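Asks: Mind looking over this structure? Questions follow.
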Amino acid sequence: MKKVLIFLGIIAVALIGAYAYFGGFSSVTVNNVTRDQKIAVYVTHTGCYKKMNDDMMPLYKNLEKTFGPDAKNLVGFGIYLDNPETVKSTDLRSIVGYFISEDQAKKLKDETFHSGITVIPSYNAISVPFTYRGMPSFIIGVMRAYPALDKFIMANPELKWGSSVEIYDLQNHQVFYDVPTGESFTIMMTNLYTKSVLAKPSTAPAAPVEPTPAK
């Protein structure tokens with residue numbers, strides 16, 4: 001029995017240590033920030049936010065073919081248009097991709113990635129920075145950042161939830177969780193999502209043809 005307790009104690013210490021390492025006990029601060037306008041290559045995603053990587057990774061692989069080793073320095077982003085607590089997971093809308101330079105955008109001009117190139121406008125936001133130390137940091141970051149942002153919004157009635165933006169600056173070991181203030185950013189990004197989805201070739205099966213009644 002004593003050995004079992006020692007073993008369980010070692011596991012508990014290891015789990016607590018891992019949780020702390022990936023940011024579980026780090027301080028969370030909400031800052032007011034202004035994000036500059038950025039050129040971005042993107043894809044739209046419809047469905048559970050947890051599966052957005054299914055669209056983001058193929059895009060990255062295509063960018064890697066064009067940019068080579070420089071692709072690893074790209075800063076990724078996700079723009080999440082709906083609240084997963086009030087919208088069905090199958091209907092959640094998001095835009096995911098990578099920020100690129102003007103020179104990189106020129107290289108992509110004649111490439112086809114089943115995606116688009118756009119300008120993400122400048123916006124003001126409340127933001128939580130979080131240190132990235134590996135994949136668990138994504139999970140812990142969401143668990144720490146969004147409650148802090150929600151508490152801040154509740155304490156400031158002039159603010160309200162609209163879209164949210166996550167910026168993945170992994171080379172600098174940072175993830176930023178932004179909530180843009182005002183409605184203009186969310187409206188512009190919703191329009192971009194809708195326009196992009198409508199422009200995609202339809203993959204839906206043809207509607208069934210009703211048999212012609214016999215005469």
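Every chain in the structure tokens has a letter given in the order shown (A, B, ...), and although residue numbers restart at 1 in each chain, ligands are simply numbered from 1 in the order shown.
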Please list as a tab-separated table (two decimals) with all heavy atoms, in the first residue's frame every residue within 9 Å of stretch 150-157 of chain A, counting only C-alpha atoms and excluding residues in the same chain fewer than 4 positions away.
Replies:
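Full text of part02.tsv as output:
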chain	number	residue	atom	x	y	z
A	30	VAL	N	-5.19	41.06	-18.91
A	30	VAL	CA	-5.95	41.54	-20.07
A	30	VAL	C	-5.42	42.92	-20.44
A	30	VAL	O	-5.41	43.84	-19.60
A	30	VAL	CB	-7.46	41.61	-19.76
A	30	VAL	CG1	-8.23	42.14	-20.98
A	30	VAL	CG2	-7.99	40.23	-19.36
A	126	ILE	N	-9.19	43.88	-26.74
A	126	ILE	CA	-8.65	43.45	-25.45
A	126	ILE	C	-7.99	42.11	-25.70
A	126	ILE	O	-8.46	41.30	-26.51
A	126	ILE	CB	-9.73	43.37	-24.37
A	126	ILE	CG1	-10.89	42.45	-24.79
A	126	ILE	CG2	-10.25	44.76	-24.02
A	126	ILE	CD1	-11.90	42.18	-23.68
A	145	ALA	N	-7.39	31.99	-20.78
A	145	ALA	CA	-7.60	33.30	-21.41
A	145	ALA	C	-9.07	33.70	-21.50
A	145	ALA	O	-9.43	34.83	-21.13
A	145	ALA	CB	-6.97	33.30	-22.80
A	146	TYR	N	-9.92	32.79	-21.98
A	146	TYR	CA	-11.30	33.20	-22.24
A	146	TYR	C	-12.09	33.54	-20.98
A	146	TYR	O	-12.88	34.51	-20.99
A	146	TYR	CB	-12.00	32.16	-23.11
A	146	TYR	CG	-11.56	32.27	-24.55
A	146	TYR	CD1	-10.71	31.32	-25.12
A	146	TYR	CD2	-11.96	33.33	-25.34
A	146	TYR	CE1	-10.28	31.43	-26.43
A	146	TYR	CE2	-11.55	33.46	-26.66
A	146	TYR	CZ	-10.71	32.50	-27.20
A	146	TYR	OH	-10.28	32.63	-28.50
A	161	TRP	N	-19.10	40.70	-26.45
A	161	TRP	CA	-18.50	39.66	-27.28
A	161	TRP	C	-18.96	39.80	-28.73
A	161	TRP	O	-20.13	40.03	-29.00
A	161	TRP	CB	-18.91	38.27	-26.78
A	161	TRP	CG	-18.12	37.78	-25.62
A	161	TRP	CD1	-18.49	37.77	-24.31
A	161	TRP	CD2	-16.80	37.23	-25.66
A	161	TRP	NE1	-17.49	37.25	-23.53
A	161	TRP	CE2	-16.44	36.90	-24.33
A	161	TRP	CE3	-15.89	36.98	-26.69
A	161	TRP	CZ2	-15.21	36.34	-24.00
A	161	TRP	CZ3	-14.66	36.42	-26.37
A	161	TRP	CH2	-14.33	36.11	-25.05
Asks: Name the closest residue to A:Leu92 among the candidates A:Gly68, A:Gly47, A:Gly162, A:Gly78; distances are taken between atoms, counting only C-alpha atoms.
Replies: A:Gly47
Asks: Residues of stretch 35-159 of chain A in helix (DSSP H, G or I) according to DSSP, as a VMD selection string?
Replies: chain A and resid 49 to 51 53 to 73 89 to 91 102 to 107 135 to 155
Asks: Would you save the residues from that selection as an mmCIF file, in the first residue's frame, using C-alpha atoms?
Replies:
data_model
loop_
_atom_site.group_PDB
_atom_site.id
_atom_site.type_symbol
_atom_site.label_atom_id
_atom_site.label_comp_id
_atom_site.auth_asym_id
_atom_site.auth_seq_id
_atom_site.Cartn_x
_atom_site.Cartn_y
_atom_site.Cartn_z
ATOM 1 C CA TYR A 49 -13.340 24.838 -33.906
ATOM 2 C CA LYS A 50 -11.268 21.959 -32.560
ATOM 3 C CA LYS A 51 -11.058 20.595 -36.110
ATOM 4 C CA ASN A 53 -6.421 22.335 -37.993
ATOM 5 C CA ASP A 54 -7.787 19.951 -40.644
ATOM 6 C CA ASP A 55 -7.915 22.985 -42.966
ATOM 7 C CA MET A 56 -4.948 24.890 -41.574
ATOM 8 C CA MET A 57 -2.335 22.148 -41.960
ATOM 9 C CA PRO A 58 -2.919 21.472 -45.689
ATOM 10 C CA LEU A 59 -2.601 25.212 -46.253
ATOM 11 C CA TYR A 60 0.684 25.236 -44.336
ATOM 12 C CA LYS A 61 2.004 22.297 -46.365
ATOM 13 C CA ASN A 62 1.271 24.173 -49.582
ATOM 14 C CA LEU A 63 2.962 27.318 -48.260
ATOM 15 C CA GLU A 64 5.949 25.209 -47.257
ATOM 16 C CA LYS A 65 6.321 24.073 -50.871
ATOM 17 C CA THR A 66 6.571 27.709 -51.983
ATOM 18 C CA PHE A 67 8.490 29.309 -49.117
ATOM 19 C CA GLY A 68 10.633 26.344 -48.052
ATOM 20 C CA PRO A 69 12.225 26.631 -44.579
ATOM 21 C CA ASP A 70 10.896 30.196 -44.223
ATOM 22 C CA ALA A 71 7.396 28.794 -43.807
ATOM 23 C CA LYS A 72 8.158 27.841 -40.217
ATOM 24 C CA ASN A 73 8.466 31.550 -39.378
ATOM 25 C CA SER A 89 -20.718 22.887 -33.512
ATOM 26 C CA THR A 90 -21.576 21.963 -37.104
ATOM 27 C CA ASP A 91 -22.491 25.595 -37.864
ATOM 28 C CA GLU A 102 3.961 41.690 -49.663
ATOM 29 C CA ASP A 103 6.842 39.826 -51.331
ATOM 30 C CA GLN A 104 5.423 36.499 -50.216
ATOM 31 C CA ALA A 105 1.987 37.491 -51.512
ATOM 32 C CA LYS A 106 3.524 38.124 -54.956
ATOM 33 C CA LYS A 107 4.999 34.618 -54.965
ATOM 34 C CA MET A 135 0.601 21.621 -27.789
ATOM 35 C CA PRO A 136 -0.819 21.440 -24.221
ATOM 36 C CA SER A 137 -0.324 25.217 -24.031
ATOM 37 C CA PHE A 138 -3.123 25.632 -26.596
ATOM 38 C CA ILE A 139 -5.602 23.808 -24.359
ATOM 39 C CA ILE A 140 -4.475 25.502 -21.155
ATOM 40 C CA GLY A 141 -4.338 28.884 -22.891
ATOM 41 C CA VAL A 142 -7.989 28.634 -23.920
ATOM 42 C CA MET A 143 -8.938 27.557 -20.395
ATOM 43 C CA ARG A 144 -7.089 30.524 -18.851
ATOM 44 C CA ALA A 145 -7.598 33.296 -21.415
ATOM 45 C CA TYR A 146 -11.296 33.203 -22.239
ATOM 46 C CA PRO A 147 -12.611 33.270 -18.644
ATOM 47 C CA ALA A 148 -10.338 36.278 -18.009
ATOM 48 C CA LEU A 149 -11.642 38.030 -21.131
ATOM 49 C CA ASP A 150 -15.237 37.218 -20.191
ATOM 50 C CA LYS A 151 -14.741 38.628 -16.688
ATOM 51 C CA PHE A 152 -13.192 41.793 -18.151
ATOM 52 C CA ILE A 153 -16.113 42.270 -20.563
ATOM 53 C CA MET A 154 -18.666 41.786 -17.788
ATOM 54 C CA ALA A 155 -16.880 44.453 -15.736
#
Asks: Using only C-alpha atoms, find the one residue out of A:Ser122, A:Thr44, A:Thr186, A:Asn31 that sits nearest to A:Ala199.
Replies: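 Among A:Ser122, A:Thr44, A:Thr186, A:Asn31, it is A:Thr44 that comes nearest to A:Ala199.
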Asks: Mind pulling up the distance from atom CA of A:Cys48 to atom CA of A:Ser94?
Replies: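 Distance reported for this atom pair: 9.3 Å.
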Asks: Pick from A:Ala125, A:Tyr193, A:Phe99, A:Gln171: nearest to A:Asn32, with only C-alpha atoms counted?
Replies: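 For A:Asn32, the nearest of the candidates is A:Ala125.
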Asks: So which one's closest to A:Tyr80, A:Val41, A:Val33, A:Leu170, A:Val165? Using only C-alpha atoms, please.
Replies: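 The answer is A:Val165, which sits nearest to A:Tyr80.
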Asks: I need the residue nearest A:Thr181 from this list: A:Ile79, A:Leu159, A:Leu198, A:Val87. Use only C-alpha atoms for the distance.
Replies: A:Leu159
Asks: Between atom CA of A:Glu85 and atom CA of A:Ser196, what is the distance, to one decimal in Å?
Replies: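 Distance reported for this atom pair: 24.7 Å.
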Asks: Using DSSP assignments from the backbone, pull out every residue in stretch 23-144 of chain A that falls under strand (DSSP E or B) and give it to me as a PyMOL selection string.
Replies: chain A and resi 31-35+38-46+75-80+93-100+116-120+123-131
Asks: Any chance you can output those residues with N, CA and C atoms as a tab-separated table (two decimals), in the first residue's frame?
Replies:
chain	number	residue	atom	x	y	z
A	31	ASN	N	-4.98	43.06	-21.68
A	31	ASN	CA	-4.39	44.32	-22.15
A	31	ASN	C	-5.24	44.92	-23.27
A	32	ASN	N	-5.15	46.23	-23.41
A	32	ASN	CA	-5.72	46.90	-24.58
A	32	ASN	C	-4.64	47.00	-25.64
A	33	VAL	N	-4.94	46.52	-26.84
A	33	VAL	CA	-3.93	46.50	-27.91
A	33	VAL	C	-4.53	47.03	-29.21
A	34	THR	N	-3.64	47.43	-30.10
A	34	THR	CA	-4.01	47.77	-31.47
A	34	THR	C	-3.20	46.89	-32.41
A	35	ARG	N	-3.88	46.12	-33.23
A	35	ARG	CA	-3.22	45.25	-34.20
A	35	ARG	C	-3.13	45.96	-35.54
A	38	LYS	N	-2.69	43.56	-41.76
A	38	LYS	CA	-1.81	42.48	-42.22
A	38	LYS	C	-2.34	41.85	-43.50
A	39	ILE	N	-1.44	41.43	-44.37
A	39	ILE	CA	-1.81	40.60	-45.51
A	39	ILE	C	-1.88	39.16	-45.02
A	40	ALA	N	-2.87	38.43	-45.47
A	40	ALA	CA	-3.04	37.06	-44.99
A	40	ALA	C	-3.47	36.14	-46.11
A	41	VAL	N	-2.99	34.92	-46.05
A	41	VAL	CA	-3.50	33.84	-46.89
A	41	VAL	C	-4.36	32.98	-45.97
A	42	TYR	N	-5.55	32.61	-46.44
A	42	TYR	CA	-6.52	32.02	-45.52
A	42	TYR	C	-7.38	30.96	-46.19
A	43	VAL	N	-8.05	30.20	-45.34
A	43	VAL	CA	-9.12	29.31	-45.77
A	43	VAL	C	-10.27	29.48	-44.79
A	44	THR	N	-11.47	29.21	-45.22
A	44	THR	CA	-12.62	29.24	-44.31
A	44	THR	C	-12.86	27.84	-43.78
A	45	HIS	N	-13.41	27.79	-42.58
A	45	HIS	CA	-13.72	26.50	-41.95
A	45	HIS	C	-15.13	26.58	-41.38
A	46	THR	N	-15.91	25.57	-41.64
A	46	THR	CA	-17.25	25.47	-41.06
A	46	THR	C	-17.31	24.19	-40.24
A	75	VAL	N	3.45	33.48	-38.99
A	75	VAL	CA	2.57	33.62	-37.82
A	75	VAL	C	1.16	33.22	-38.25
A	76	GLY	N	0.60	32.25	-37.55
A	76	GLY	CA	-0.74	31.78	-37.89
A	76	GLY	C	-1.81	32.56	-37.15
A	77	PHE	N	-3.05	32.40	-37.60
A	77	PHE	CA	-4.17	33.06	-36.92
A	77	PHE	C	-5.45	32.27	-37.11
A	78	GLY	N	-6.38	32.49	-36.23
A	78	GLY	CA	-7.72	31.96	-36.36
A	78	GLY	C	-8.71	33.06	-35.98
A	79	ILE	N	-9.70	33.30	-36.81
A	79	ILE	CA	-10.75	34.26	-36.52
A	79	ILE	C	-12.04	33.47	-36.32
A	80	TYR	N	-12.59	33.56	-35.12
A	80	TYR	CA	-13.72	32.72	-34.74
A	80	TYR	C	-14.96	33.61	-34.63
A	93	ARG	N	-18.45	29.12	-37.61
A	93	ARG	CA	-17.73	29.70	-38.76
A	93	ARG	C	-16.39	30.27	-38.30
A	94	SER	N	-15.36	29.98	-39.07
A	94	SER	CA	-14.04	30.53	-38.74
A	94	SER	C	-13.24	30.75	-40.00
A	95	ILE	N	-12.23	31.60	-39.86
A	95	ILE	CA	-11.27	31.89	-40.93
A	95	ILE	C	-9.89	31.64	-40.35
A	96	VAL	N	-9.11	30.79	-40.98
A	96	VAL	CA	-7.80	30.45	-40.44
A	96	VAL	C	-6.74	30.61	-41.52
A	97	GLY	N	-5.53	30.91	-41.11
A	97	GLY	CA	-4.47	31.07	-42.10
A	97	GLY	C	-3.19	31.61	-41.51
A	98	TYR	N	-2.44	32.32	-42.35
A	98	TYR	CA	-1.13	32.82	-41.96
A	98	TYR	C	-0.93	34.23	-42.49
A	99	PHE	N	-0.28	35.05	-41.69
A	99	PHE	CA	0.10	36.37	-42.15
A	99	PHE	C	1.33	36.25	-43.05
A	100	ILE	N	1.34	37.01	-44.13
A	100	ILE	CA	2.45	36.96	-45.07
A	100	ILE	C	2.87	38.37	-45.44
A	116	GLY	N	-7.62	31.98	-50.22
A	116	GLY	CA	-7.60	33.33	-50.74
A	116	GLY	C	-6.53	34.16	-50.06
A	117	ILE	N	-6.24	35.29	-50.66
A	117	ILE	CA	-5.33	36.27	-50.06
A	117	ILE	C	-6.14	37.52	-49.80
A	118	THR	N	-6.04	38.06	-48.60
A	118	THR	CA	-6.82	39.22	-48.23
A	118	THR	C	-6.01	40.12	-47.32
A	119	VAL	N	-6.58	41.25	-46.97
A	119	VAL	CA	-5.98	42.15	-45.99
A	119	VAL	C	-6.84	42.10	-44.73
A	120	ILE	N	-6.24	41.70	-43.63
A	120	ILE	CA	-6.92	41.74	-42.35
A	120	ILE	C	-6.76	43.17	-41.81
A	123	TYR	N	-7.24	46.64	-36.05
A	123	TYR	CA	-8.35	46.67	-35.08
A	123	TYR	C	-7.84	46.88	-33.67
A	124	ASN	N	-8.70	47.44	-32.84
A	124	ASN	CA	-8.43	47.56	-31.41
A	124	ASN	C	-9.06	46.36	-30.70
A	125	ALA	N	-8.41	45.90	-29.65
A	125	ALA	CA	-8.92	44.71	-28.97
A	125	ALA	C	-8.47	44.68	-27.52
A	126	ILE	N	-9.19	43.88	-26.74
A	126	ILE	CA	-8.65	43.45	-25.45
A	126	ILE	C	-7.99	42.11	-25.70
A	127	SER	N	-6.86	41.87	-25.06
A	127	SER	CA	-6.03	40.72	-25.44
A	127	SER	C	-5.35	40.10	-24.23
A	128	VAL	N	-5.24	38.79	-24.28
A	128	VAL	CA	-4.48	38.05	-23.27
A	128	VAL	C	-3.30	37.37	-23.97
A	129	PRO	N	-2.07	37.69	-23.59
A	129	PRO	CA	-0.90	36.97	-24.13
A	129	PRO	C	-0.65	35.71	-23.31
A	130	PHE	N	-0.21	34.66	-23.97
A	130	PHE	CA	0.03	33.41	-23.26
A	130	PHE	C	1.29	32.75	-23.84
A	131	THR	N	2.15	32.27	-22.97
A	131	THR	CA	3.40	31.65	-23.42
A	131	THR	C	3.13	30.26	-23.98
